[in-house]
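Structure, as structure tokens:
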Amino acid sequence: MKVPLLDLKAQYAAIREEILRVTEEVYESQYFILGPRVEALEKQIADYTKTTHAVGISSGTDALLVSLMAAGIGAEDRVITSSYSFFATAGCIARLGAYPVFADIDPDTYNISADCIEATIDSMTPMQLQKLKAIVPVHLFGQCADMDPILEIARRYGLAVVEDAAQAIGAEYRGLRAGSIGQMGCFSFFPSKNLGAFGDGGMVTTNSDPLYEELRILRSHGAAPKYHHRRIGGNFRLDALQAAVVSIKLKYLDKWTEGRQKNAATYRKMFEDAKINNYITLPVEKEQRHIYNQFVISVAERRDELKAFLRDAGIGTEVYYPVPLHLQQCFSYLGYEKGDFPAAEHAAAHSLALPIYPELTRDQQQYVVSKIRQFYS
């Protein structure tokens, strides 16, 4: 049996006619950059995330970058973020000439730990503390970070909070949607995301009128009005074709999320019945609404051997992420060493993502669990 990590063809088959119709309309309009399609999607995403404003951006990475620019992050500034995330989280900080300052994660949720943020701040010199400007918490794998203590820390030190919600559209924390909790929230429409485009795309949400205007200016080279530049921005514009595709998919997102949540519950029952708890730790649902962008288990031993075994059995898996950010070669100048963030390093060595897409069948899930049980028996 073949069980891919993600099957986008199955998703496309169900919405093919709608997609073809709307993309044909875009072709006929010959309006490809920003415009009515992007404006409509911005309104839809603002409504869905329960925010006041949304700004269409060219990618999730650019959403992070332009948000940090809008927050005034620049050369020599410090920004605290998770040591366990996709590279863009820290890469965008460094691209602005600022320093990523890493903190360890909660080993149960994989999200940045507020206690570790406190410890990181306590270890900073007065000069470093003076340059500390923001916190970028990551809502990893579809579950929100514990935001209340993070917001309290930010208030105490006068820091901006930019949510990296690239994997968490629709996730909730104490009644609040991801992207509505900090000053800005950053989303990705990369095709493999729960809400994916047919290429790159992203969105920034905010409840601040001034930040909204700043984001709109920055995404078009800092021009306001056209050809008049009061500051340097970039080409961060979302194109109409991607906006049209995402707008169609957004109508189905809650249904797809329910499918992922149902599959997560099915996995839990199947793993319980398989009686391999000594080897496998399942994801923890700590916050209100986990959308399961990934279903990540923690494997006690022989993770890479298990991954190879499942591959040979036709089962797709992935390691998110094999090298924590503080140990990436490009960040060696920051001076971090192995052992600095043990929870992130343990996650990098033991985590494994299993298929969780909504079209996954019960038989496919049973096959995945049976093969893992076979490996450990």
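Residues are referred to by chain and number: the chain letter is A, B, ... according to the order shown in the structure tokens, the number counts from 1 in that chain, and ligands are numbered separately from 1 in the order shown.
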
Contacts of region 219-226 of chain A at 10 Å (only C-alpha atoms; same-chain gap of 5+ positions) as number ranges by chain = A: 55-58, 62-63, 66-67, 213-214, 231-238

Just-selected residues, C-alpha atoms written as a PDB file, in the first residue's frame:
```pdb
ATOM      1  CA  VAL A  55      -2.241  42.291   3.753  1.00  0.00           C
ATOM      2  CA  GLY A  56      -1.487  39.891   0.892  1.00  0.00           C
ATOM      3  CA  ILE A  57       2.228  39.096   0.638  1.00  0.00           C
ATOM      4  CA  SER A  58       4.334  37.147  -1.856  1.00  0.00           C
ATOM      5  CA  ASP A  62       8.253  37.608   2.998  1.00  0.00           C
ATOM      6  CA  ALA A  63       5.360  37.964   5.440  1.00  0.00           C
ATOM      7  CA  VAL A  66       7.949  42.688   5.995  1.00  0.00           C
ATOM      8  CA  SER A  67       6.426  42.350   9.479  1.00  0.00           C
ATOM      9  CA  GLU A 213      -0.759  51.166   6.330  1.00  0.00           C
ATOM     10  CA  GLU A 214       2.950  50.553   6.884  1.00  0.00           C
ATOM     11  CA  ARG A 231      11.420  54.416   3.063  1.00  0.00           C
ATOM     12  CA  ILE A 232      12.894  51.301   1.451  1.00  0.00           C
ATOM     13  CA  GLY A 233      10.475  48.409   1.125  1.00  0.00           C
ATOM     14  CA  GLY A 234      10.492  45.449  -1.204  1.00  0.00           C
ATOM     15  CA  ASN A 235       8.572  43.592  -3.884  1.00  0.00           C
ATOM     16  CA  PHE A 236       6.340  41.589  -1.553  1.00  0.00           C
ATOM     17  CA  ARG A 237       3.112  41.706  -3.582  1.00  0.00           C
ATOM     18  CA  LEU A 238       0.714  38.760  -3.766  1.00  0.00           C
TER      19      LEU A 238
END
```

Region 194-368 of chain A: which residues are strand (DSSP E or B) by DSSP, as an MDAnalysis selection string?
-> chainID A and resid 202:206 220 223 229 235 237 239 280:281 289 295:299 315 318 351:354

Dump N, CA and C atoms for the selected residues as a PDB file, in the first residue's frame?
```pdb
ATOM      1  N   GLY A 202       1.468  34.482   0.782  1.00  0.00           N
ATOM      2  CA  GLY A 202       1.419  34.670   2.230  1.00  0.00           C
ATOM      3  C   GLY A 202       0.492  35.803   2.604  1.00  0.00           C
ATOM      4  N   MET A 203       0.394  36.060   3.898  1.00  0.00           N
ATOM      5  CA  MET A 203      -0.517  37.091   4.404  1.00  0.00           C
ATOM      6  C   MET A 203      -0.002  37.562   5.754  1.00  0.00           C
ATOM      7  N   VAL A 204      -0.166  38.850   6.024  1.00  0.00           N
ATOM      8  CA  VAL A 204       0.094  39.403   7.357  1.00  0.00           C
ATOM      9  C   VAL A 204      -1.215  39.957   7.889  1.00  0.00           C
ATOM     10  N   THR A 205      -1.554  39.605   9.122  1.00  0.00           N
ATOM     11  CA  THR A 205      -2.756  40.127   9.774  1.00  0.00           C
ATOM     12  C   THR A 205      -2.358  41.061  10.908  1.00  0.00           C
ATOM     13  N   THR A 206      -3.222  42.022  11.179  1.00  0.00           N
ATOM     14  CA  THR A 206      -2.970  42.951  12.274  1.00  0.00           C
ATOM     15  C   THR A 206      -4.272  43.635  12.680  1.00  0.00           C
ATOM     16  N   SER A 220       5.239  47.268  -1.494  1.00  0.00           N
ATOM     17  CA  SER A 220       5.413  47.824  -2.842  1.00  0.00           C
ATOM     18  C   SER A 220       6.557  48.822  -2.854  1.00  0.00           C
ATOM     19  N   ALA A 223       6.650  52.662  -1.534  1.00  0.00           N
ATOM     20  CA  ALA A 223       6.134  53.801  -2.297  1.00  0.00           C
ATOM     21  C   ALA A 223       4.758  54.224  -1.804  1.00  0.00           C
ATOM     22  N   HIS A 229       9.054  57.480  -2.510  1.00  0.00           N
ATOM     23  CA  HIS A 229       9.507  56.494  -1.533  1.00  0.00           C
ATOM     24  C   HIS A 229      10.034  57.195  -0.279  1.00  0.00           C
ATOM     25  N   ASN A 235       9.611  44.106  -3.006  1.00  0.00           N
ATOM     26  CA  ASN A 235       8.572  43.592  -3.884  1.00  0.00           C
ATOM     27  C   ASN A 235       7.949  42.378  -3.214  1.00  0.00           C
ATOM     28  N   ARG A 237       4.518  41.679  -3.176  1.00  0.00           N
ATOM     29  CA  ARG A 237       3.112  41.706  -3.582  1.00  0.00           C
ATOM     30  C   ARG A 237       2.599  40.301  -3.899  1.00  0.00           C
ATOM     31  N   ASP A 239       0.185  37.790  -5.937  1.00  0.00           N
ATOM     32  CA  ASP A 239      -0.424  37.869  -7.261  1.00  0.00           C
ATOM     33  C   ASP A 239      -1.858  37.340  -7.242  1.00  0.00           C
ATOM     34  N   ILE A 280       6.667   5.184  21.278  1.00  0.00           N
ATOM     35  CA  ILE A 280       6.053   6.306  20.559  1.00  0.00           C
ATOM     36  C   ILE A 280       5.343   7.243  21.539  1.00  0.00           C
ATOM     37  N   THR A 281       5.628   8.544  21.431  1.00  0.00           N
ATOM     38  CA  THR A 281       4.877   9.562  22.162  1.00  0.00           C
ATOM     39  C   THR A 281       4.081  10.374  21.153  1.00  0.00           C
ATOM     40  N   ARG A 289      -7.597  24.768  19.882  1.00  0.00           N
ATOM     41  CA  ARG A 289      -7.907  24.226  18.554  1.00  0.00           C
ATOM     42  C   ARG A 289      -6.612  23.930  17.809  1.00  0.00           C
ATOM     43  N   PHE A 295       1.215  15.882  11.924  1.00  0.00           N
ATOM     44  CA  PHE A 295       1.009  14.970  13.055  1.00  0.00           C
ATOM     45  C   PHE A 295       2.389  14.405  13.386  1.00  0.00           C
ATOM     46  N   VAL A 296       2.990  14.968  14.436  1.00  0.00           N
ATOM     47  CA  VAL A 296       4.396  14.666  14.748  1.00  0.00           C
ATOM     48  C   VAL A 296       4.480  13.812  15.999  1.00  0.00           C
ATOM     49  N   ILE A 297       5.027  12.615  15.825  1.00  0.00           N
ATOM     50  CA  ILE A 297       5.271  11.737  16.965  1.00  0.00           C
ATOM     51  C   ILE A 297       6.720  11.892  17.411  1.00  0.00           C
ATOM     52  N   SER A 298       6.972  11.521  18.648  1.00  0.00           N
ATOM     53  CA  SER A 298       8.339  11.461  19.154  1.00  0.00           C
ATOM     54  C   SER A 298       8.712   9.996  19.317  1.00  0.00           C
ATOM     55  N   VAL A 299       9.818   9.612  18.722  1.00  0.00           N
ATOM     56  CA  VAL A 299      10.256   8.224  18.679  1.00  0.00           C
ATOM     57  C   VAL A 299      11.387   8.032  19.677  1.00  0.00           C
ATOM     58  N   ILE A 315       5.428   4.292   2.750  1.00  0.00           N
ATOM     59  CA  ILE A 315       4.827   5.302   3.626  1.00  0.00           C
ATOM     60  C   ILE A 315       5.719   6.541   3.671  1.00  0.00           C
ATOM     61  N   GLU A 318       8.384  12.614   7.292  1.00  0.00           N
ATOM     62  CA  GLU A 318       9.361  13.706   7.206  1.00  0.00           C
ATOM     63  C   GLU A 318       9.855  14.062   8.592  1.00  0.00           C
ATOM     64  N   SER A 351      11.815  13.410  16.513  1.00  0.00           N
ATOM     65  CA  SER A 351      10.489  13.680  15.952  1.00  0.00           C
ATOM     66  C   SER A 351      10.351  13.084  14.552  1.00  0.00           C
ATOM     67  N   LEU A 352       9.107  12.714  14.219  1.00  0.00           N
ATOM     68  CA  LEU A 352       8.809  12.168  12.896  1.00  0.00           C
ATOM     69  C   LEU A 352       7.351  12.495  12.561  1.00  0.00           C
ATOM     70  N   ALA A 353       7.139  13.125  11.413  1.00  0.00           N
ATOM     71  CA  ALA A 353       5.796  13.489  10.972  1.00  0.00           C
ATOM     72  C   ALA A 353       5.199  12.369  10.132  1.00  0.00           C
ATOM     73  N   LEU A 354       3.953  12.003  10.456  1.00  0.00           N
ATOM     74  CA  LEU A 354       3.224  10.966   9.739  1.00  0.00           C
ATOM     75  C   LEU A 354       2.149  11.606   8.849  1.00  0.00           C
TER      76      LEU A 354
END
```

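Closest approach to Ile135 (chain A) among A:Pro100, A:Pro107, A:Gly60, A:Gly74 is made by A:Pro100 (distances from only C-alpha atoms).
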
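If you count only C-alpha atoms and ignore residues fewer than 5 places along the chain from region 146-161 of chain A, what sits within 9 Å of it is Ala71, Asn111, Ile112, Ser113, Ala114, Asp115, Ile117, Glu118, Leu129, Leu132, Lys133, Ala134, Ile135, Val136, Pro137, Tyr173, Ile181, Gly182, Gln183, Met184, Gly185, Lys286 and Glu287 of chain A.
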
Selected residues written out, N, CA and C atoms, as a PDB file, in the first residue's frame:
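Result saved to selection-v1.pdb:
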```
ATOM      1  N   ALA A  71       7.901  46.502  12.124  1.00  0.00           N
ATOM      2  CA  ALA A  71       8.145  46.639  13.565  1.00  0.00           C
ATOM      3  C   ALA A  71       9.407  47.439  13.859  1.00  0.00           C
ATOM      4  N   ASN A 111       6.568  24.132  20.917  1.00  0.00           N
ATOM      5  CA  ASN A 111       6.514  25.587  20.798  1.00  0.00           C
ATOM      6  C   ASN A 111       7.452  26.252  21.792  1.00  0.00           C
ATOM      7  N   ILE A 112       7.837  27.477  21.494  1.00  0.00           N
ATOM      8  CA  ILE A 112       8.749  28.215  22.355  1.00  0.00           C
ATOM      9  C   ILE A 112       8.190  28.307  23.774  1.00  0.00           C
ATOM     10  N   SER A 113       9.071  28.159  24.754  1.00  0.00           N
ATOM     11  CA  SER A 113       8.687  28.162  26.155  1.00  0.00           C
ATOM     12  C   SER A 113       8.843  29.556  26.747  1.00  0.00           C
ATOM     13  N   ALA A 114       7.792  30.059  27.394  1.00  0.00           N
ATOM     14  CA  ALA A 114       7.871  31.375  28.039  1.00  0.00           C
ATOM     15  C   ALA A 114       8.927  31.386  29.138  1.00  0.00           C
ATOM     16  N   ASP A 115       9.048  30.288  29.883  1.00  0.00           N
ATOM     17  CA  ASP A 115      10.086  30.206  30.912  1.00  0.00           C
ATOM     18  C   ASP A 115      11.473  30.325  30.303  1.00  0.00           C
ATOM     19  N   ILE A 117      12.149  31.890  27.485  1.00  0.00           N
ATOM     20  CA  ILE A 117      12.305  33.286  27.065  1.00  0.00           C
ATOM     21  C   ILE A 117      12.793  34.125  28.240  1.00  0.00           C
ATOM     22  N   GLU A 118      12.180  33.915  29.403  1.00  0.00           N
ATOM     23  CA  GLU A 118      12.615  34.629  30.615  1.00  0.00           C
ATOM     24  C   GLU A 118      14.079  34.353  30.914  1.00  0.00           C
ATOM     25  N   LEU A 129      20.271  43.840  26.104  1.00  0.00           N
ATOM     26  CA  LEU A 129      18.886  44.074  26.502  1.00  0.00           C
ATOM     27  C   LEU A 129      18.360  45.378  25.923  1.00  0.00           C
ATOM     28  N   LEU A 132      17.178  44.726  22.475  1.00  0.00           N
ATOM     29  CA  LEU A 132      16.119  43.723  22.315  1.00  0.00           C
ATOM     30  C   LEU A 132      14.828  44.425  21.901  1.00  0.00           C
ATOM     31  N   LYS A 133      14.260  43.998  20.745  1.00  0.00           N
ATOM     32  CA  LYS A 133      13.131  44.734  20.185  1.00  0.00           C
ATOM     33  C   LYS A 133      11.861  43.907  20.001  1.00  0.00           C
ATOM     34  N   ALA A 134      11.964  42.572  19.913  1.00  0.00           N
ATOM     35  CA  ALA A 134      10.766  41.810  19.557  1.00  0.00           C
ATOM     36  C   ALA A 134      10.904  40.349  19.966  1.00  0.00           C
ATOM     37  N   ILE A 135       9.760  39.676  19.993  1.00  0.00           N
ATOM     38  CA  ILE A 135       9.678  38.224  20.159  1.00  0.00           C
ATOM     39  C   ILE A 135       8.893  37.669  18.981  1.00  0.00           C
ATOM     40  N   VAL A 136       9.404  36.594  18.386  1.00  0.00           N
ATOM     41  CA  VAL A 136       8.685  35.904  17.311  1.00  0.00           C
ATOM     42  C   VAL A 136       8.363  34.487  17.790  1.00  0.00           C
ATOM     43  N   PRO A 137       7.194  34.302  18.433  1.00  0.00           N
ATOM     44  CA  PRO A 137       6.774  32.943  18.795  1.00  0.00           C
ATOM     45  C   PRO A 137       6.267  32.204  17.563  1.00  0.00           C
ATOM     46  N   TYR A 173      -6.177  29.988  20.550  1.00  0.00           N
ATOM     47  CA  TYR A 173      -5.601  30.059  21.895  1.00  0.00           C
ATOM     48  C   TYR A 173      -6.556  30.857  22.766  1.00  0.00           C
ATOM     49  N   ILE A 181      -3.229  37.655  17.951  1.00  0.00           N
ATOM     50  CA  ILE A 181      -2.833  37.762  19.360  1.00  0.00           C
ATOM     51  C   ILE A 181      -1.706  38.776  19.560  1.00  0.00           C
ATOM     52  N   GLY A 182      -0.710  38.763  18.698  1.00  0.00           N
ATOM     53  CA  GLY A 182       0.380  39.730  18.764  1.00  0.00           C
ATOM     54  C   GLY A 182       0.067  40.979  17.958  1.00  0.00           C
ATOM     55  N   GLN A 183       1.103  41.801  17.722  1.00  0.00           N
ATOM     56  CA  GLN A 183       0.907  43.000  16.892  1.00  0.00           C
ATOM     57  C   GLN A 183       0.653  42.627  15.427  1.00  0.00           C
ATOM     58  N   MET A 184       1.303  41.538  14.976  1.00  0.00           N
ATOM     59  CA  MET A 184       1.120  41.051  13.606  1.00  0.00           C
ATOM     60  C   MET A 184       1.187  39.532  13.603  1.00  0.00           C
ATOM     61  N   GLY A 185       0.498  38.929  12.623  1.00  0.00           N
ATOM     62  CA  GLY A 185       0.560  37.484  12.439  1.00  0.00           C
ATOM     63  C   GLY A 185       0.938  37.168  11.001  1.00  0.00           C
ATOM     64  N   LYS A 286      -2.603  20.737  23.706  1.00  0.00           N
ATOM     65  CA  LYS A 286      -2.594  21.572  24.908  1.00  0.00           C
ATOM     66  C   LYS A 286      -3.515  22.785  24.765  1.00  0.00           C
ATOM     67  N   GLU A 287      -3.575  23.335  23.567  1.00  0.00           N
ATOM     68  CA  GLU A 287      -4.376  24.543  23.356  1.00  0.00           C
ATOM     69  C   GLU A 287      -5.732  24.198  22.742  1.00  0.00           C
TER      70      GLU A 287
END
```

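Closest approach to Tyr12 (chain A) from the set A:Val138, A:Ala103, A:Ala145, A:Ala197 is made by A:Ala197, with distances taken over only C-alpha atoms.
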
Interatomic distance, CA of Pro355 (chain A) to CA of Leu6 (chain A) (Å, one decimal) = 6.3 Å

Find the residues near region 93-98 of chain A: any atom within 7 Å, counting only C-alpha atoms, skip ones fewer than 5 places away on the same chain, and give them as an mmCIF file with C-alpha atoms, in the first residue's frame.
```cif
data_model
loop_
_atom_site.group_PDB
_atom_site.id
_atom_site.type_symbol
_atom_site.label_atom_id
_atom_site.label_comp_id
_atom_site.auth_asym_id
_atom_site.auth_seq_id
_atom_site.Cartn_x
_atom_site.Cartn_y
_atom_site.Cartn_z
ATOM 1 C CA ILE A 73 13.783 45.825 13.329
ATOM 2 C CA GLY A 74 17.189 46.760 11.942
ATOM 3 C CA ALA A 75 20.933 46.399 12.246
ATOM 4 C CA GLU A 76 22.273 45.204 15.615
ATOM 5 C CA ASP A 77 18.790 44.712 17.099
ATOM 6 C CA ARG A 78 17.961 41.509 18.986
#
```

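Residue nearest Asp164 (chain A), chosen from A:Cys144, A:Met124, A:Ile45, A:Leu306 and counting only C-alpha atoms: A:Cys144.
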
Quick one: residues within 12 Å of Asp254 (chain A), only C-alpha atoms counted, chain neighbours fewer than 6 positions away excluded, as a PyMOL selection string?
-> chain A and resi 48+169-171+194-195+260-261+289-292+358

Taking C-alpha atoms for each residue, export the selection above as a PDB file, in the first residue's frame.
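That gives us selection21.pdb:
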```
ATOM      1  CA  TYR A  48     -11.357  34.137   9.263  1.00  0.00           C
ATOM      2  CA  ILE A 169      -4.232  29.179  10.188  1.00  0.00           C
ATOM      3  CA  GLY A 170      -7.420  28.579  12.186  1.00  0.00           C
ATOM      4  CA  ALA A 171      -5.633  27.411  15.338  1.00  0.00           C
ATOM      5  CA  ASN A 194      -3.446  23.337   5.212  1.00  0.00           C
ATOM      6  CA  LEU A 195      -4.480  26.328   3.111  1.00  0.00           C
ATOM      7  CA  ARG A 260      -7.253  16.249  10.039  1.00  0.00           C
ATOM      8  CA  GLN A 261      -8.556  16.343  13.616  1.00  0.00           C
ATOM      9  CA  ARG A 289      -7.907  24.226  18.554  1.00  0.00           C
ATOM     10  CA  HIS A 290      -5.056  22.200  17.051  1.00  0.00           C
ATOM     11  CA  ILE A 291      -5.337  22.184  13.239  1.00  0.00           C
ATOM     12  CA  TYR A 292      -2.693  19.475  12.649  1.00  0.00           C
ATOM     13  CA  PRO A 358      -7.930  14.944   5.371  1.00  0.00           C
TER      14      PRO A 358
END
```

Taking the chain letters and numbering used in this document, name the residues of region 264-312 of chain A that DSSP puts in alpha helix (DSSP H), as number ranges by chain.
-> A: 264-274, 303-312

Using only C-alpha atoms, which of A:Glu345, A:Glu258, A:Asp104, A:Glu24 sits nearest Thr120 (chain A)?
-> A:Asp104

Nearest to Thr52 (chain A), restricted to only C-alpha atoms and choosing among A:Glu25, A:Glu272, A:Asp363, A:Asp209, comes out as A:Asp209

Please produce, as JSON lines, a per-residue contact table for region 58-152 of chain A versus region 328-333 of chain A (criterion: any atom at most 12 Å away, only C-alpha atoms considered), showing the nearest atom pair and its distance in Å to one decimal, sorted by chain then residue number.
```
{"residue": "A:Ser83", "atom": "CA", "partner": "A:Gln328", "partner_atom": "CA", "distance": 10.1}
{"residue": "A:Tyr84", "atom": "CA", "partner": "A:Gln328", "partner_atom": "CA", "distance": 10.9}
{"residue": "A:Ser85", "atom": "CA", "partner": "A:Gln328", "partner_atom": "CA", "distance": 11.6}
{"residue": "A:Phe86", "atom": "CA", "partner": "A:Gln328", "partner_atom": "CA", "distance": 11.4}
{"residue": "A:Phe87", "atom": "CA", "partner": "A:Gln328", "partner_atom": "CA", "distance": 9.1}
{"residue": "A:Ala90", "atom": "CA", "partner": "A:Phe331", "partner_atom": "CA", "distance": 9.3}
{"residue": "A:Gly91", "atom": "CA", "partner": "A:Phe331", "partner_atom": "CA", "distance": 9.2}
{"residue": "A:Ile93", "atom": "CA", "partner": "A:Phe331", "partner_atom": "CA", "distance": 11.5}
{"residue": "A:Ala94", "atom": "CA", "partner": "A:Phe331", "partner_atom": "CA", "distance": 9.0}
{"residue": "A:Arg95", "atom": "CA", "partner": "A:Cys330", "partner_atom": "CA", "distance": 11.8}
{"residue": "A:Tyr99", "atom": "CA", "partner": "A:Phe331", "partner_atom": "CA", "distance": 9.5}
{"residue": "A:Pro100", "atom": "CA", "partner": "A:Phe331", "partner_atom": "CA", "distance": 8.8}
{"residue": "A:Val101", "atom": "CA", "partner": "A:Phe331", "partner_atom": "CA", "distance": 10.5}
{"residue": "A:Phe102", "atom": "CA", "partner": "A:Phe331", "partner_atom": "CA", "distance": 10.8}
```

Keeping only C-alpha atoms, write those residues as a PDB file, in the first residue's frame.
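Saved file result_30.pdb follows:
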```pdb
ATOM      1  CA  SER A  83      15.468  27.412  18.340  1.00  0.00           C
ATOM      2  CA  TYR A  84      13.211  24.804  16.686  1.00  0.00           C
ATOM      3  CA  SER A  85      11.413  26.024  13.577  1.00  0.00           C
ATOM      4  CA  PHE A  86      11.659  26.339   9.812  1.00  0.00           C
ATOM      5  CA  PHE A  87      14.703  28.352   8.778  1.00  0.00           C
ATOM      6  CA  ALA A  90      15.398  33.175  12.109  1.00  0.00           C
ATOM      7  CA  GLY A  91      16.639  33.844   8.582  1.00  0.00           C
ATOM      8  CA  ILE A  93      15.752  38.373  11.422  1.00  0.00           C
ATOM      9  CA  ALA A  94      19.325  37.954  10.202  1.00  0.00           C
ATOM     10  CA  ARG A  95      18.528  39.383   6.750  1.00  0.00           C
ATOM     11  CA  TYR A  99      20.576  39.033  15.750  1.00  0.00           C
ATOM     12  CA  PRO A 100      18.344  36.011  16.321  1.00  0.00           C
ATOM     13  CA  VAL A 101      18.356  35.237  20.033  1.00  0.00           C
ATOM     14  CA  PHE A 102      17.185  31.682  20.555  1.00  0.00           C
TER      15      PHE A 102
END
```

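If only C-alpha atoms are the atoms counted, then among A:Val369, A:Leu176, A:Ala244, A:Leu218 the closest residue to Gln44 (chain A) is A:Ala244.
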